[in-house]
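Student: I have a structure here, written as structure tokens, and I will follow up with some questions on it.
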Amino acid sequence: MGMAGDESGSGGRHLEEAYTCAVVDGALRRTTFELAAADAESLSKAPNYWVPRRALRGEDGDGPLRGCGERASADLLERVAEDLLDGDDAETFEGCEYWCQVYNGGRGLRFHFDKDEHKLRTEGKYEFPILSTVVYLTAATGGGARQSPTIVVDQVYRGDSPEEEEEEEAPRKTVLSYPKQNRALAFDGRLAHGVLDSTNASCRRTLLVNFWKEKPRGLDRATVADLEALGMARTGEAPAGEKGETGKAERRDPVRRELGGGDDLVLLDDVAASVPDEELREASCVSVSHPKHALYPIEAASGMQGTLGAFVREE
């Protein structure tokens, strides 16, 4: 079996059809990125917030955007999501959920599915965002070892019906997205994902923004008073003279690698190390096909540096 799966204990199945998983450099305008980087610690102590689509497009008549989360959501809509959302989703989605994560000491994040927590808790039903995004605010190397990548696998929730009670299917395709400042990883909101522990103890900060077809219950928009209480009461207005500043958003294709059946164990970072340095610097993202291997967390061996994960060949 593989390691992916929801924290509730629900397993997954392969997503057979094509799905979205892309990386975009320069995802946020420079001023937005600087604001998000400065306020990440404060926002990480807050609940998840909501911002409606009409506010992101300036159509609600409710004044400027509030704080770094709303500004980042607006930038991501314009610079990343509109090119990735299917059909008319870019015009009909209801809004964005956003929050920050700040981890120290090489701590990872258990594999999970993003979902409407309120609906799961009250109705026992799974509802997923139409697009999940991760914006990297840090990219420290910590003495040679990269910060641990976000890992996205080709696994979705398997469903509740009796005919779908078969054994969990281990992922066979894995995307490794290494942190790079102002890069966004965007992927199908149904996919399982997480972060493995690392020997790199530097602070890892990310801003997360999920695009939802329908607003999950229990999410509220941040008020000015909320932001003041967090010490981040800044509006979405760009400083004078910078309203036209956009920078350049550039989509990068992941470097593709396939594991053969010969190696019993391949360290996760060794897959990235097999990519020529210049190519990896440009992409910082590797898509790994591993039909005969499953991904597992591992313990740190003496002298080991990097991400504590490996692809293990299964019989």
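As shown in the structure tokens, the chain order sets the letters A, B, ...; within each chain, residues go from 1, and ligands are also counted from 1 in the order they appear.
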Pull the helix (DSSP H, G or I) assignments for range 42-247 of chain A out of DSSP run on the backbone, and list those residues as a PyMOL selection string.
Tutor: chain A and resi 42-43+53-56+67-79+81-83+89-92+117-123+162-164+224-230
Student: Using N, CA and C atoms, can you write the selected residues to a file as a compact mmCIF listing (two decimals), in the first residue's frame?
Tutor:
```
# COMPACT_ATOMS: atom_id res chain seq x y z
N SER A 42 1.36 36.22 11.34
CA SER A 42 0.11 36.67 11.95
C SER A 42 -1.09 35.92 11.37
N LEU A 43 -1.12 35.76 10.05
CA LEU A 43 -2.26 35.09 9.42
C LEU A 43 -2.32 33.61 9.80
N ARG A 53 -16.05 35.96 -4.86
CA ARG A 53 -15.55 36.29 -6.19
C ARG A 53 -15.84 37.74 -6.56
N ARG A 54 -17.02 38.22 -6.23
CA ARG A 54 -17.38 39.59 -6.59
C ARG A 54 -16.42 40.60 -5.96
N ALA A 55 -15.96 40.32 -4.75
CA ALA A 55 -14.99 41.21 -4.11
C ALA A 55 -13.65 41.16 -4.84
N LEU A 56 -13.26 39.96 -5.27
CA LEU A 56 -11.99 39.81 -5.98
C LEU A 56 -11.99 40.59 -7.29
N GLY A 67 -6.35 43.06 3.33
CA GLY A 67 -5.21 42.27 3.76
C GLY A 67 -4.58 41.41 2.68
N CYS A 68 -3.49 40.73 3.07
CA CYS A 68 -2.69 39.99 2.10
C CYS A 68 -3.43 38.80 1.51
N GLY A 69 -4.31 38.16 2.29
CA GLY A 69 -5.01 36.98 1.78
C GLY A 69 -5.94 37.31 0.64
N GLU A 70 -6.66 38.42 0.75
CA GLU A 70 -7.58 38.81 -0.31
C GLU A 70 -6.81 39.32 -1.53
N ARG A 71 -5.74 40.07 -1.29
CA ARG A 71 -4.93 40.53 -2.42
C ARG A 71 -4.31 39.35 -3.16
N ALA A 72 -3.81 38.37 -2.40
CA ALA A 72 -3.22 37.19 -3.03
C ALA A 72 -4.26 36.40 -3.81
N SER A 73 -5.46 36.27 -3.25
CA SER A 73 -6.52 35.54 -3.96
C SER A 73 -6.85 36.22 -5.28
N ALA A 74 -6.90 37.55 -5.28
CA ALA A 74 -7.19 38.29 -6.51
C ALA A 74 -6.07 38.10 -7.53
N ASP A 75 -4.82 38.16 -7.08
CA ASP A 75 -3.69 37.95 -7.99
C ASP A 75 -3.72 36.54 -8.58
N LEU A 76 -3.98 35.55 -7.74
CA LEU A 76 -4.00 34.17 -8.22
C LEU A 76 -5.12 33.94 -9.22
N LEU A 77 -6.26 34.56 -8.99
CA LEU A 77 -7.36 34.44 -9.95
C LEU A 77 -6.93 34.97 -11.31
N GLU A 78 -6.33 36.15 -11.31
CA GLU A 78 -5.97 36.80 -12.57
C GLU A 78 -4.77 36.14 -13.24
N ARG A 79 -3.77 35.74 -12.45
CA ARG A 79 -2.48 35.34 -13.01
C ARG A 79 -2.29 33.83 -13.12
N ALA A 81 -5.31 31.12 -11.94
CA ALA A 81 -6.50 30.27 -11.98
C ALA A 81 -7.31 30.40 -13.27
N GLU A 82 -7.40 31.61 -13.82
CA GLU A 82 -8.25 31.79 -14.99
C GLU A 82 -7.80 30.93 -16.16
N ASP A 83 -6.51 30.62 -16.23
CA ASP A 83 -6.00 29.77 -17.31
C ASP A 83 -6.18 28.28 -17.01
N ASP A 89 -16.04 28.11 -15.04
CA ASP A 89 -15.79 28.11 -13.60
C ASP A 89 -15.16 29.42 -13.13
N ALA A 90 -14.31 30.02 -13.97
CA ALA A 90 -13.65 31.26 -13.58
C ALA A 90 -14.66 32.39 -13.37
N GLU A 91 -15.82 32.29 -14.00
CA GLU A 91 -16.84 33.34 -13.87
C GLU A 91 -17.96 32.97 -12.90
N THR A 92 -18.04 31.69 -12.52
CA THR A 92 -19.17 31.26 -11.69
C THR A 92 -18.77 30.73 -10.33
N GLU A 117 -15.04 21.08 5.52
CA GLU A 117 -15.00 20.43 6.83
C GLU A 117 -16.38 20.44 7.50
N HIS A 118 -17.13 21.53 7.32
CA HIS A 118 -18.45 21.62 7.96
C HIS A 118 -19.40 20.58 7.39
N LYS A 119 -19.40 20.42 6.06
CA LYS A 119 -20.30 19.44 5.45
C LYS A 119 -19.93 18.02 5.85
N LEU A 120 -18.64 17.75 5.95
CA LEU A 120 -18.22 16.41 6.38
C LEU A 120 -18.66 16.15 7.81
N ARG A 121 -18.51 17.16 8.66
CA ARG A 121 -18.83 16.99 10.08
C ARG A 121 -20.33 16.87 10.32
N THR A 122 -21.14 17.62 9.57
CA THR A 122 -22.58 17.66 9.83
C THR A 122 -23.38 16.70 8.96
N GLU A 123 -22.89 16.41 7.74
CA GLU A 123 -23.65 15.57 6.82
C GLU A 123 -22.91 14.30 6.43
N PRO A 162 -21.12 1.03 -1.34
CA PRO A 162 -20.62 -0.31 -1.01
C PRO A 162 -19.76 -0.91 -2.10
N GLU A 163 -20.10 -0.63 -3.37
CA GLU A 163 -19.33 -1.23 -4.45
C GLU A 163 -17.93 -0.64 -4.55
N GLU A 164 -17.66 0.43 -3.79
CA GLU A 164 -16.35 1.05 -3.84
C GLU A 164 -15.55 0.79 -2.57
N VAL A 224 -12.15 44.35 9.12
CA VAL A 224 -11.03 45.23 9.48
C VAL A 224 -10.64 44.99 10.93
N ALA A 225 -11.64 44.78 11.79
CA ALA A 225 -11.36 44.51 13.20
C ALA A 225 -10.57 43.21 13.37
N ASP A 226 -10.90 42.19 12.58
CA ASP A 226 -10.14 40.93 12.63
C ASP A 226 -8.68 41.17 12.30
N LEU A 227 -8.44 41.94 11.24
CA LEU A 227 -7.07 42.21 10.82
C LEU A 227 -6.32 43.05 11.84
N GLU A 228 -7.02 44.00 12.45
CA GLU A 228 -6.40 44.82 13.48
C GLU A 228 -5.98 43.96 14.67
N ALA A 229 -6.82 43.01 15.04
CA ALA A 229 -6.51 42.13 16.16
C ALA A 229 -5.28 41.27 15.87
N LEU A 230 -5.05 40.98 14.59
CA LEU A 230 -3.90 40.18 14.19
C LEU A 230 -2.66 41.04 13.95
```
Student: Could you go through range 170-258 of chain A and tell me which residues DSSP, when run on the backbone, assigns to strand (DSSP E), listing them as a ChimeraX atom specification?
Tutor: /A:173-177,183-187,193-195,204-212,250-252,255-258
Student: With only C-alpha atoms as the atoms that count, which of A:Val23, A:Val255, A:Ala294, A:Ala201 lies nearest to Val275 in chain A?
Tutor: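 Residue with the minimum atom-to-atom distance to Val275 in chain A: A:Val255.
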Student: Hey, what's within 6 Å of Arg205 in chain A if we count only C-alpha atoms and toss same-chain stuff fewer than 2 positions away? As a compact mmCIF listing (two decimals) with N, CA and C atoms, in the first residue's frame, please?
Tutor:
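The resulting file, result.txt, is reproduced below:
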```txt
# COMPACT_ATOMS: atom_id res chain seq x y z
N GLN A 101 0.30 28.73 6.54
CA GLN A 101 0.94 27.70 7.35
C GLN A 101 2.40 28.08 7.56
N VAL A 102 2.85 28.00 8.80
CA VAL A 102 4.24 28.30 9.15
C VAL A 102 4.76 27.12 9.96
N LEU A 137 6.32 31.20 0.26
CA LEU A 137 6.83 32.48 0.74
C LEU A 137 8.28 32.39 1.17
N THR A 138 8.80 31.17 1.33
CA THR A 138 10.20 30.95 1.70
C THR A 138 10.78 29.86 0.81
```
Student: I'd like the contact shell of Gly262 in chain A - 10 Å cut-off, only C-alpha atoms, skipping same-chain residues fewer than 2 positions apart - returned as a JSON list (two decimals) with C-alpha atoms, in the first residue's frame.
Tutor:
```
[["chain", "number", "residue", "atom", "x", "y", "z"],
["A", 259, "LEU", "CA", 11.29, 4.90, -11.88],
["A", 260, "GLY", "CA", 12.08, 1.48, -13.30],
["A", 264, "ASP", "CA", 14.30, -1.51, -4.32],
["A", 265, "LEU", "CA", 14.45, 1.91, -2.66],
["A", 292, "LYS", "CA", 6.21, -0.47, -9.35],
["A", 313, "ARG", "CA", 9.50, -1.20, -4.80]]
```
Student: Extract, using only C-alpha atoms, all DNA, RNA and protein residues at most 10 Å from Arg251 in chain A, discarding same-chain residues fewer than 5 positions from it, and format them as a PyMOL selection string.
Tutor: chain A and resi 22-27+79-80+183-185+283
Student: May I have the residues from that selection written out with C-alpha atoms, as a PDB file, in the first residue's frame?
Tutor:
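Written output follows (selection-v8.pdb):
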```pdb
ATOM      1  CA  ALA A  22       0.857  23.193 -12.688  1.00  0.00           C
ATOM      2  CA  VAL A  23       3.495  25.532 -11.274  1.00  0.00           C
ATOM      3  CA  VAL A  24       3.616  29.268 -11.966  1.00  0.00           C
ATOM      4  CA  ASP A  25       6.506  31.584 -11.101  1.00  0.00           C
ATOM      5  CA  GLY A  26       5.778  35.207 -10.246  1.00  0.00           C
ATOM      6  CA  ALA A  27       2.338  34.145  -9.077  1.00  0.00           C
ATOM      7  CA  ARG A  79      -2.481  35.339 -13.014  1.00  0.00           C
ATOM      8  CA  VAL A  80      -2.959  31.604 -12.402  1.00  0.00           C
ATOM      9  CA  ARG A 183       5.898  30.280  -6.971  1.00  0.00           C
ATOM     10  CA  ALA A 184       2.368  28.871  -6.958  1.00  0.00           C
ATOM     11  CA  LEU A 185       1.566  25.196  -7.207  1.00  0.00           C
ATOM     12  CA  ALA A 283      11.375  23.968 -12.720  1.00  0.00           C
TER      13      ALA A 283
END
```
Student: Which one of A:Pro276, A:Gly194, A:Pro47, A:Pro179 sits closest to Val152 in chain A if you count only C-alpha atoms?
Tutor: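 Of the candidates, the smallest distance to Val152 in chain A is held by A:Gly194.
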Student: Pick the closest to Leu176 in chain A from A:Asp269, A:Glu59, A:Glu299, A:Glu34: which is it, counting only C-alpha atoms?
Tutor: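 For Leu176 in chain A, the nearest of the given residues is A:Asp269.
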Student: Considering only C-alpha atoms, state which residue in the set A:Val153, A:Glu127, A:Gly58, A:Lys213 is at the smallest distance from Asp88 in chain A.
Tutor: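 Among the listed residues, the smallest separation from Asp88 in chain A belongs to A:Lys213.
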Student: Which is closer to Lys115 in chain A than all the others in A:Thr133, A:Thr223, A:Asn210, A:Asn182, using only C-alpha atoms?
Tutor: A:Asn210
